[in-house]
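What follows is the content of start-v3.tsv (TSV, C-alpha atoms).
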```tsv
chain	number	residue	atom	x	y	z
A	1	MET	CA	-44.92	178.88	77.37
A	2	PRO	CA	-48.45	177.61	76.62
A	3	VAL	CA	-51.13	179.63	78.37
A	4	ASP	CA	-52.70	176.53	79.92
A	5	LEU	CA	-49.53	175.99	81.96
A	6	ILE	CA	-49.98	179.45	83.49
A	7	PHE	CA	-53.76	179.56	83.99
A	8	SER	CA	-55.95	176.53	83.38
A	9	ASN	CA	-59.35	178.00	84.25
A	10	VAL	CA	-60.18	181.52	83.05
A	11	ALA	CA	-63.34	183.52	83.76
A	12	VAL	CA	-64.12	186.56	81.60
A	13	TYR	CA	-66.52	189.31	82.67
A	14	GLY	CA	-67.84	191.10	79.59
A	15	LEU	CA	-67.66	189.42	76.20
A	16	GLY	CA	-67.12	192.46	74.00
A	17	LEU	CA	-64.30	193.00	71.51
A	18	LEU	CA	-61.48	192.59	74.05
A	19	GLY	CA	-63.09	189.85	76.10
A	20	GLY	CA	-64.24	187.95	73.03
A	21	SER	CA	-60.82	188.21	71.39
A	22	LEU	CA	-59.21	186.96	74.58
A	23	CYS	CA	-61.43	183.86	74.55
A	24	MET	CA	-60.61	183.28	70.88
A	25	ALA	CA	-56.89	183.63	71.57
A	26	LEU	CA	-57.13	181.16	74.46
A	27	ARG	CA	-59.03	178.66	72.32
A	28	LYS	CA	-56.29	178.88	69.68
A	29	THR	CA	-53.24	179.05	71.94
A	30	ALA	CA	-54.37	176.86	74.83
A	31	PRO	CA	-57.35	174.73	73.77
A	32	GLY	CA	-57.27	172.86	77.08
A	33	THR	CA	-58.13	175.98	79.08
A	34	ALA	CA	-61.57	176.01	80.72
A	35	ILE	CA	-63.27	179.30	79.82
A	36	SER	CA	-66.38	180.84	81.36
A	37	ALA	CA	-68.00	184.12	80.37
A	38	TRP	CA	-70.27	186.30	82.46
A	39	GLY	CA	-72.15	189.35	81.21
A	40	ARG	CA	-75.11	191.62	81.72
A	41	SER	CA	-77.34	189.29	79.70
A	42	ALA	CA	-77.10	185.50	79.57
A	43	GLN	CA	-79.04	185.52	76.31
A	44	ARG	CA	-76.45	187.69	74.58
A	45	LEU	CA	-73.74	185.20	75.55
A	46	LYS	CA	-75.62	182.18	74.20
A	47	PRO	CA	-74.07	182.36	70.68
A	48	ALA	CA	-70.56	182.22	72.18
A	49	LEU	CA	-71.59	179.18	74.22
A	50	ASP	CA	-73.31	177.46	71.28
A	51	GLU	CA	-70.25	178.01	69.08
A	52	GLY	CA	-67.88	176.57	71.67
A	53	LEU	CA	-66.02	179.82	72.27
A	54	VAL	CA	-66.66	179.37	75.99
A	55	ASP	CA	-67.50	176.35	78.13
A	56	ARG	CA	-69.91	178.11	80.47
A	57	ALA	CA	-71.80	181.40	80.25
A	58	GLY	CA	-74.39	183.32	82.15
A	59	ALA	CA	-75.42	186.58	83.78
A	60	MET	CA	-72.94	188.22	86.15
A	61	GLU	CA	-75.24	187.72	89.12
A	62	ASP	CA	-75.09	183.98	88.47
A	63	ALA	CA	-71.31	183.81	88.03
A	64	ASP	CA	-69.49	180.83	89.51
A	65	LEU	CA	-65.76	181.42	90.02
A	66	SER	CA	-65.01	178.12	91.73
A	67	GLY	CA	-61.83	176.71	90.24
A	68	ALA	CA	-60.94	179.83	88.27
A	69	ASP	CA	-57.30	180.83	88.63
A	70	LEU	CA	-57.66	183.95	86.46
A	71	VAL	CA	-60.55	186.40	86.19
A	72	VAL	CA	-60.41	189.02	83.43
A	73	VAL	CA	-62.74	192.01	83.66
A	74	SER	CA	-63.35	193.50	80.21
A	75	THR	CA	-66.37	195.68	80.87
A	76	PRO	CA	-66.51	199.49	80.41
A	77	VAL	CA	-64.16	201.19	82.85
A	78	ALA	CA	-66.73	202.73	85.20
A	79	ALA	CA	-68.55	199.42	85.58
A	80	SER	CA	-65.23	197.63	86.09
A	81	ILE	CA	-64.60	199.45	89.38
A	82	GLY	CA	-67.61	197.94	91.12
A	83	ILE	CA	-67.23	194.57	89.41
A	84	ILE	CA	-63.59	194.17	90.47
A	85	ARG	CA	-64.38	195.02	94.08
A	86	ASP	CA	-67.26	192.54	94.00
A	87	ILE	CA	-65.03	189.81	92.59
A	88	LEU	CA	-62.32	190.40	95.20
A	89	GLY	CA	-64.93	190.01	97.94
A	90	ARG	CA	-66.46	186.79	96.62
A	91	GLU	CA	-66.16	183.67	98.77
A	92	ASP	CA	-65.81	181.46	95.69
A	93	LEU	CA	-62.74	183.34	94.42
A	94	GLU	CA	-59.81	180.99	94.93
A	95	GLU	CA	-57.09	182.22	97.27
A	96	HIS	CA	-54.45	181.93	94.54
A	97	ALA	CA	-56.61	183.43	91.76
A	98	LEU	CA	-55.59	186.65	90.05
A	99	VAL	CA	-57.91	189.35	88.72
A	100	LEU	CA	-57.02	191.53	85.73
A	101	ASP	CA	-58.78	194.29	83.86
A	102	VAL	CA	-58.24	195.66	80.35
A	103	GLY	CA	-59.41	199.24	80.83
A	104	SER	CA	-57.69	202.30	79.38
A	105	VAL	CA	-57.82	204.22	82.69
A	106	LYS	CA	-55.81	202.73	85.52
A	107	GLU	CA	-55.46	205.16	88.44
A	108	ALA	CA	-59.17	205.31	89.31
A	109	ILE	CA	-59.44	201.51	89.31
A	110	ILE	CA	-56.35	200.93	91.44
A	111	ASP	CA	-57.40	203.67	93.88
A	112	SER	CA	-60.74	201.89	94.30
A	113	VAL	CA	-59.21	198.52	95.24
A	114	ILE	CA	-55.93	199.39	96.99
A	115	SER	CA	-57.52	199.34	100.46
A	116	HIS	CA	-59.31	196.03	99.84
A	117	CYS	CA	-58.07	193.10	101.92
A	118	ARG	CA	-57.45	191.17	98.67
A	119	ALA	CA	-55.92	194.03	96.71
A	120	ARG	CA	-52.87	191.82	96.15
A	121	SER	CA	-54.91	189.68	93.77
A	122	PHE	CA	-55.64	192.52	91.33
A	123	VAL	CA	-53.17	193.53	88.61
A	124	GLY	CA	-54.12	196.40	86.30
A	125	CYS	CA	-53.58	195.88	82.56
A	126	HIS	CA	-54.28	197.86	79.41
A	127	PRO	CA	-53.93	196.16	76.02
A	128	MET	CA	-53.29	198.75	73.31
A	129	ALA	CA	-55.33	196.66	70.92
A	130	GLY	CA	-58.78	198.19	70.77
A	131	SER	CA	-60.95	199.29	67.87
A	132	GLU	CA	-63.92	201.53	67.23
A	133	LYS	CA	-65.89	198.31	66.68
A	134	THR	CA	-67.51	196.51	69.57
A	135	GLY	CA	-68.86	193.09	70.42
A	136	PHE	CA	-67.28	189.64	70.31
A	137	ARG	CA	-68.45	189.23	66.70
A	138	ASN	CA	-65.75	191.76	65.80
A	139	GLY	CA	-63.16	189.91	67.86
A	140	ARG	CA	-60.30	187.92	66.40
A	141	PRO	CA	-57.82	185.47	67.91
A	142	ASP	CA	-54.78	187.50	66.87
A	143	LEU	CA	-55.98	190.83	68.31
A	144	TYR	CA	-53.30	190.80	71.01
A	145	SER	CA	-50.52	189.37	68.86
A	146	GLY	CA	-47.85	192.01	68.37
A	147	SER	CA	-49.76	194.55	70.46
A	148	ALA	CA	-48.42	196.22	73.58
A	149	VAL	CA	-50.06	195.41	76.90
A	150	ILE	CA	-49.30	197.96	79.60
A	151	ILE	CA	-49.15	196.44	83.08
A	152	THR	CA	-49.49	198.80	86.06
A	153	PRO	CA	-48.54	196.97	89.27
A	154	HIS	CA	-49.37	198.58	92.59
A	155	GLU	CA	-47.71	198.49	95.98
A	156	LYS	CA	-49.60	195.44	97.25
A	157	ASN	CA	-48.89	193.18	94.27
A	158	GLU	CA	-46.53	190.25	94.68
A	159	LYS	CA	-43.65	189.98	92.22
A	160	THR	CA	-44.50	186.38	91.36
A	161	ASP	CA	-48.10	187.30	90.52
A	162	VAL	CA	-47.02	190.15	88.26
A	163	GLU	CA	-44.61	187.77	86.54
A	164	LYS	CA	-47.50	185.35	85.89
A	165	VAL	CA	-49.49	188.14	84.29
A	166	ASP	CA	-46.49	189.10	82.19
A	167	ARG	CA	-46.09	185.51	80.95
A	168	PHE	CA	-49.82	185.25	80.24
A	169	TRP	CA	-49.87	188.19	77.84
A	170	LYS	CA	-46.63	187.16	76.19
A	171	ALA	CA	-48.06	183.68	75.60
A	172	LEU	CA	-50.83	185.38	73.60
A	173	GLY	CA	-48.20	187.11	71.45
A	174	ALA	CA	-48.29	190.52	73.14
A	175	ARG	CA	-45.41	192.76	74.19
A	176	THR	CA	-45.55	193.92	77.79
A	177	VAL	CA	-44.65	197.31	79.23
A	178	PHE	CA	-44.57	198.17	82.95
A	179	THR	CA	-45.39	201.59	84.35
A	180	GLY	CA	-47.20	203.32	87.20
A	181	ALA	CA	-50.92	204.01	86.94
A	182	SER	CA	-50.53	207.80	87.12
A	183	PHE	CA	-47.95	207.93	84.34
A	184	HIS	CA	-50.05	205.56	82.25
A	185	ASP	CA	-53.15	207.76	82.49
A	186	ALA	CA	-51.23	210.94	81.66
A	187	LEU	CA	-49.62	209.39	78.59
A	188	VAL	CA	-52.66	207.62	77.12
A	189	ALA	CA	-54.57	210.89	77.52
A	190	ARG	CA	-52.28	212.20	74.77
A	191	THR	CA	-51.83	209.06	72.66
A	192	SER	CA	-55.38	207.69	72.80
A	193	HIS	CA	-57.96	209.84	74.56
A	194	LEU	CA	-57.05	213.20	72.97
A	195	PRO	CA	-57.00	211.74	69.43
A	196	HIS	CA	-60.53	210.46	69.97
A	197	MET	CA	-61.74	213.90	71.06
A	198	VAL	CA	-60.00	215.60	68.13
A	199	SER	CA	-61.60	213.06	65.81
A	200	CYS	CA	-65.02	213.98	67.19
A	201	VAL	CA	-64.39	217.70	66.67
A	202	LEU	CA	-63.34	217.11	63.06
A	203	VAL	CA	-66.63	215.32	62.42
A	204	GLU	CA	-68.56	218.08	64.17
A	205	GLN	CA	-66.81	220.80	62.19
A	206	LEU	CA	-67.91	219.24	58.91
A	207	THR	CA	-71.44	218.25	59.86
A	208	ALA	CA	-72.78	220.79	62.35
A	209	GLY	CA	-74.92	223.55	60.88
A	210	ARG	CA	-73.62	223.07	57.34
A	211	GLY	CA	-76.75	222.29	55.41
A	212	ASP	CA	-75.34	224.19	52.44
A	213	ILE	CA	-72.77	221.44	51.82
A	214	ALA	CA	-74.80	218.40	52.89
A	215	ASP	CA	-75.46	217.22	49.34
A	216	ILE	CA	-71.88	217.47	48.12
A	217	ARG	CA	-69.61	216.97	51.11
A	218	ASP	CA	-69.20	213.20	50.52
A	219	ASP	CA	-67.48	213.99	47.24
A	220	PHE	CA	-64.90	216.04	49.12
A	221	ILE	CA	-64.10	213.46	51.79
A	222	GLY	CA	-60.82	211.76	51.09
A	223	ARG	CA	-58.72	209.17	52.85
A	224	GLY	CA	-57.13	211.70	55.20
A	225	PHE	CA	-60.47	212.71	56.72
A	226	LYS	CA	-61.61	209.09	56.93
A	227	ASP	CA	-58.38	208.00	58.61
A	228	MET	CA	-58.48	210.81	61.16
A	229	THR	CA	-62.17	210.38	62.05
A	230	ARG	CA	-62.46	206.58	62.07
A	231	ILE	CA	-62.20	206.44	65.86
A	232	ALA	CA	-65.06	208.93	66.33
A	233	ALA	CA	-67.30	205.93	65.57
A	234	GLY	CA	-66.36	204.43	68.95
A	235	SER	CA	-68.93	203.70	71.65
A	236	GLU	CA	-70.17	206.85	73.36
A	237	GLU	CA	-70.73	204.85	76.55
A	238	ILE	CA	-67.10	203.76	76.69
A	239	TRP	CA	-65.66	207.15	75.76
A	240	GLY	CA	-67.97	209.06	78.06
A	241	GLU	CA	-66.73	206.96	80.98
A	242	ILE	CA	-63.09	207.32	79.96
A	243	SER	CA	-63.54	211.10	79.79
A	244	LEU	CA	-65.07	211.17	83.25
A	245	LEU	CA	-62.44	208.97	84.90
A	246	ASN	CA	-59.42	210.58	83.24
A	247	SER	CA	-60.81	214.10	82.92
A	248	ARG	CA	-57.84	215.90	84.52
A	249	ASN	CA	-55.33	214.42	82.09
A	250	ILE	CA	-57.61	214.75	79.07
A	251	THR	CA	-58.48	218.40	79.68
A	252	SER	CA	-54.79	219.17	80.22
A	253	ALA	CA	-54.00	217.51	76.89
A	254	ILE	CA	-56.79	219.46	75.19
A	255	ASP	CA	-55.49	222.75	76.61
A	256	ASP	CA	-52.02	221.97	75.31
A	257	PHE	CA	-53.45	220.97	71.93
A	258	ILE	CA	-55.44	224.21	71.65
A	259	ALA	CA	-52.30	226.24	72.37
A	260	ARG	CA	-50.29	224.35	69.75
A	261	LEU	CA	-53.10	224.60	67.19
A	262	ALA	CA	-53.26	228.36	67.78
A	263	ALA	CA	-49.50	228.60	67.24
A	264	LEU	CA	-49.85	226.69	63.97
A	265	ARG	CA	-52.67	228.99	62.93
A	266	ASP	CA	-50.32	231.94	63.46
A	267	LEU	CA	-47.61	230.29	61.33
A	268	ILE	CA	-50.11	229.80	58.52
A	269	ASP	CA	-51.42	233.35	58.90
A	270	ARG	CA	-47.87	234.73	58.52
A	271	ALA	CA	-46.80	232.30	55.80
A	272	GLY	CA	-47.25	234.93	53.09
A	273	THR	CA	-44.34	236.95	54.52
A	274	ASP	CA	-42.52	234.25	56.48
A	275	ARG	CA	-42.95	230.91	54.68
A	276	GLU	CA	-39.72	229.48	56.10
A	277	LYS	CA	-41.08	229.03	59.64
A	278	LEU	CA	-44.12	227.13	58.39
A	279	ASP	CA	-41.97	224.90	56.19
A	280	ASP	CA	-39.62	224.25	59.10
A	281	TYR	CA	-42.54	223.25	61.34
A	282	LEU	CA	-44.01	220.90	58.75
A	283	THR	CA	-40.58	219.33	58.15
A	284	ARG	CA	-40.02	218.77	61.86
A	285	MET	CA	-43.44	217.19	62.31
A	286	ARG	CA	-42.95	214.90	59.31
A	287	LYS	CA	-39.63	213.69	60.70
A	288	SER	CA	-41.08	213.28	64.19
A	289	ARG	CA	-43.96	211.21	62.84
A	290	GLU	CA	-41.54	208.97	60.96
A	291	GLU	CA	-39.53	208.45	64.14
A	292	ILE	CA	-42.38	207.62	66.52
A	293	ALA	CA	-44.42	205.46	64.12
A	294	PRO	CA	-42.27	204.33	61.17
```

Please, can you express the file's structure as structure tokens?
Amino acid sequence: MPVDLIFSNVAVYGLGLLGGSLCMALRKTAPGTAISAWGRSAQRLKPALDEGLVDRAGAMEDADLSGADLVVVSTPVAASIGIIRDILGREDLEEHALVLDVGSVKEAIIDSVISHCRARSFVGCHPMAGSEKTGFRNGRPDLYSGSAVIITPHEKNEKTDVEKVDRFWKALGARTVFTGASFHDALVARTSHLPHMVSCVLVEQLTAGRGDIADIRDDFIGRGFKDMTRIAAGSEEIWGEISLLNSRNITSAIDDFIARLAALRDLIDRAGTDREKLDDYLTRMRKSREEIAP
């Protein structure tokens, strides 16, 4: 179903990679959709307006939501909490309008809005389609195509509203998955947040206090190191906030990782007299990797 038959007027808060890509996808999939963008700086949104990516743009304090039937908040997670509550309380937010976010932490956001009188209007979403790059200049219209979007309904959501959100993402080419906010946060701590932290530690291990190898280390960096540390280039603002808001799950994942890394260290240490256990471990991990991400 074309997106413009689901939502005809979409407002986007934050025109970064995810917000910008969403506008591009709407322009391609549903060119008749009215799109407005609101950010911290009206000047920074001017190129998107001049290029026709959006129909209206301005600073968040000047936002006009009259007529919008969908508002998408794509700001950093910590900022999203206050922004979503502000949007839900606005007099110009249409009674039938829905509000989504795209943040990678869900429980803290839902907890912050669940007692609001318009909590029904908010549906938490998390597109698994990010990148270490930021800004709408790095966006692309097919960012969501083929990607999973995790939807985390809460107790005050109406079934028909959640179904609209489901159809919206599918119209952009995404696959949708439904789960609770708590389960979502625990799982992405291991599939997304922990890998980022491990990536940072790998960079630190090579660069911190190693002046003796500074002149030659580039010659020793292969594809494996580059692949595993690419995400360490992500925004420190975004990842600092994620770490704060999902700290319990992330620290638990780190503790588990440390224990498993120590066990692997012991296998390697004993490999001279017991090579079979190390080989068995490596075989099992290879097969597991092929199964979860063929």

Set out as a Markdown table a contact list for region 171-285 of chain A and region 28-31 of chain A with a cut-off of 12 Å, giving each residue of region 171-285 of chain A that qualifies its closest atom pair and distance in Å to one decimal, counting only C-alpha atoms, ordered by chain and rising residue number.
```
| residue | atom | partner | partner_atom | distance |
| --- | --- | --- | --- | --- |
| A:Ala171 | CA | A:Thr29 | CA | 7.9 |
| A:Leu172 | CA | A:Thr29 | CA | 7.0 |
| A:Gly173 | CA | A:Thr29 | CA | 9.5 |
```

What is the CA of Phe225 (chain A) to CA of Leu206 (chain A) distance in Å?
->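 According to the coordinates, CA of Phe225 (chain A) and CA of Leu206 (chain A) are separated by 10.1 Å.
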
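Of note, CA of Arg40 (chain A) and CA of Glu94 (chain A) are spaced 22.8 Å apart.
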
Go through A:Ser147, A:Thr273, A:Asn138, A:Thr33 and flag the residue nearest Phe7 (chain A), using all atoms listed in the file for the distances.
-> A:Thr33

For Asp166 (chain A), please output as an NGL selection string all residues within 9 Å (counting only C-alpha atoms; exclusion window: fewer than 6 positions along the same chain).
-> :A and (149 or 151 or 175-177)

Anything within 9 Å of (-56.8, 184.2, 88.3): list those residues as a PyMOL selection string, counting all atoms listed in the file and sticking to the file's coordinates.
-> chain A and resi 7+9-11+68-72+93-94+96-100+121-122

Please write the residues from the selection above to a file, keeping C-alpha atoms, as a PDB file, keeping the file's coordinate frame.
```pdb
ATOM      1  CA  PHE A   7     -53.760 179.560  83.990  1.00  0.00           C
ATOM      2  CA  ASN A   9     -59.350 178.000  84.250  1.00  0.00           C
ATOM      3  CA  VAL A  10     -60.180 181.520  83.050  1.00  0.00           C
ATOM      4  CA  ALA A  11     -63.340 183.520  83.760  1.00  0.00           C
ATOM      5  CA  ALA A  68     -60.940 179.830  88.270  1.00  0.00           C
ATOM      6  CA  ASP A  69     -57.300 180.830  88.630  1.00  0.00           C
ATOM      7  CA  LEU A  70     -57.660 183.950  86.460  1.00  0.00           C
ATOM      8  CA  VAL A  71     -60.550 186.400  86.190  1.00  0.00           C
ATOM      9  CA  VAL A  72     -60.410 189.020  83.430  1.00  0.00           C
ATOM     10  CA  LEU A  93     -62.740 183.340  94.420  1.00  0.00           C
ATOM     11  CA  GLU A  94     -59.810 180.990  94.930  1.00  0.00           C
ATOM     12  CA  HIS A  96     -54.450 181.930  94.540  1.00  0.00           C
ATOM     13  CA  ALA A  97     -56.610 183.430  91.760  1.00  0.00           C
ATOM     14  CA  LEU A  98     -55.590 186.650  90.050  1.00  0.00           C
ATOM     15  CA  VAL A  99     -57.910 189.350  88.720  1.00  0.00           C
ATOM     16  CA  LEU A 100     -57.020 191.530  85.730  1.00  0.00           C
ATOM     17  CA  SER A 121     -54.910 189.680  93.770  1.00  0.00           C
ATOM     18  CA  PHE A 122     -55.640 192.520  91.330  1.00  0.00           C
TER      19      PHE A 122
END
```

For the contact check between region 197-235 of chain A and region 243-256 of chain A, emit one row per residue of region 197-235 of chain A within 12 Å, containing the shortest atom pair and the distance in Å rounded to one decimal, counting all atoms listed in the file, chain then rising number order, as a Markdown table.
```
| residue | atom | partner | partner_atom | distance |
| --- | --- | --- | --- | --- |
| A:Met197 | CA | A:Ile254 | CA | 8.5 |
| A:Val198 | CA | A:Ile254 | CA | 8.7 |
| A:Val201 | CA | A:Ile254 | CA | 11.6 |
```

So that I can check the surroundings of Asp62 (chain A), please list as a PDB file with C-alpha atoms, keeping the file's coordinate frame every protein, DNA and RNA residue that reaches within 10 Å of it, counting all atoms listed in the file and ignoring chain neighbours fewer than 2 positions away.
```
ATOM      1  CA  TRP A  38     -70.270 186.300  82.460  1.00  0.00           C
ATOM      2  CA  GLY A  39     -72.150 189.350  81.210  1.00  0.00           C
ATOM      3  CA  ALA A  42     -77.100 185.500  79.570  1.00  0.00           C
ATOM      4  CA  ALA A  57     -71.800 181.400  80.250  1.00  0.00           C
ATOM      5  CA  GLY A  58     -74.390 183.320  82.150  1.00  0.00           C
ATOM      6  CA  ALA A  59     -75.420 186.580  83.780  1.00  0.00           C
ATOM      7  CA  MET A  60     -72.940 188.220  86.150  1.00  0.00           C
ATOM      8  CA  ASP A  64     -69.490 180.830  89.510  1.00  0.00           C
ATOM      9  CA  LEU A  65     -65.760 181.420  90.020  1.00  0.00           C
TER      10      LEU A  65
END
```

Tell me which protein, DNA and RNA residues are within 10 Å of Val54 (chain A), counting only C-alpha atoms, leaving out same-chain ones fewer than 3 positions away, and put them as a count of residues only.
-> 21

Closest to Gly139 (chain A) among A:Gly103, A:Gly14, A:Gly272, A:Gly19, using all atoms listed in the file?
->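 Nearest to Gly139 (chain A): A:Gly19.
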
Between CA of Ile87 (chain A) and CA of Gly180 (chain A), distance in Å (one decimal) |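 The value is 23.0 Å.
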
Contact residues around Cys117 (chain A) with only C-alpha atoms at 12 Å, ignoring same-chain residues under 3 positions, as a VMD selection string | chain A and resid 85 88 to 90 95 112 to 114 120 to 122 156 to 157

Have a look at A:Asp185, A:Asp142, A:Glu290, A:Glu158 and name the one nearest to His126 (chain A); count all atoms listed in the file.
->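 The answer is A:Asp185, which sits nearest to His126 (chain A).
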
Non-local contacts of Asp227 (chain A) (12 Å; all atoms listed in the file; under 6 positions in same chain excluded) as a PyMOL selection string | chain A and resi 195-196+199+202-203+221+233

Print the selection's residues with C-alpha atoms to a file, as a PDB file, keeping the file's coordinate frame.
```
ATOM      1  CA  PRO A 195     -57.000 211.740  69.430  1.00  0.00           C
ATOM      2  CA  HIS A 196     -60.530 210.460  69.970  1.00  0.00           C
ATOM      3  CA  SER A 199     -61.600 213.060  65.810  1.00  0.00           C
ATOM      4  CA  LEU A 202     -63.340 217.110  63.060  1.00  0.00           C
ATOM      5  CA  VAL A 203     -66.630 215.320  62.420  1.00  0.00           C
ATOM      6  CA  ILE A 221     -64.100 213.460  51.790  1.00  0.00           C
ATOM      7  CA  ALA A 233     -67.300 205.930  65.570  1.00  0.00           C
TER       8      ALA A 233
END
```

Between A:Ile83, A:Ala181, A:Leu53, A:Ala232, which is the closest to Asp111 (chain A) once you count all atoms listed in the file?
->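 Answer, going by the shortest atom-to-atom distance: A:Ala181.
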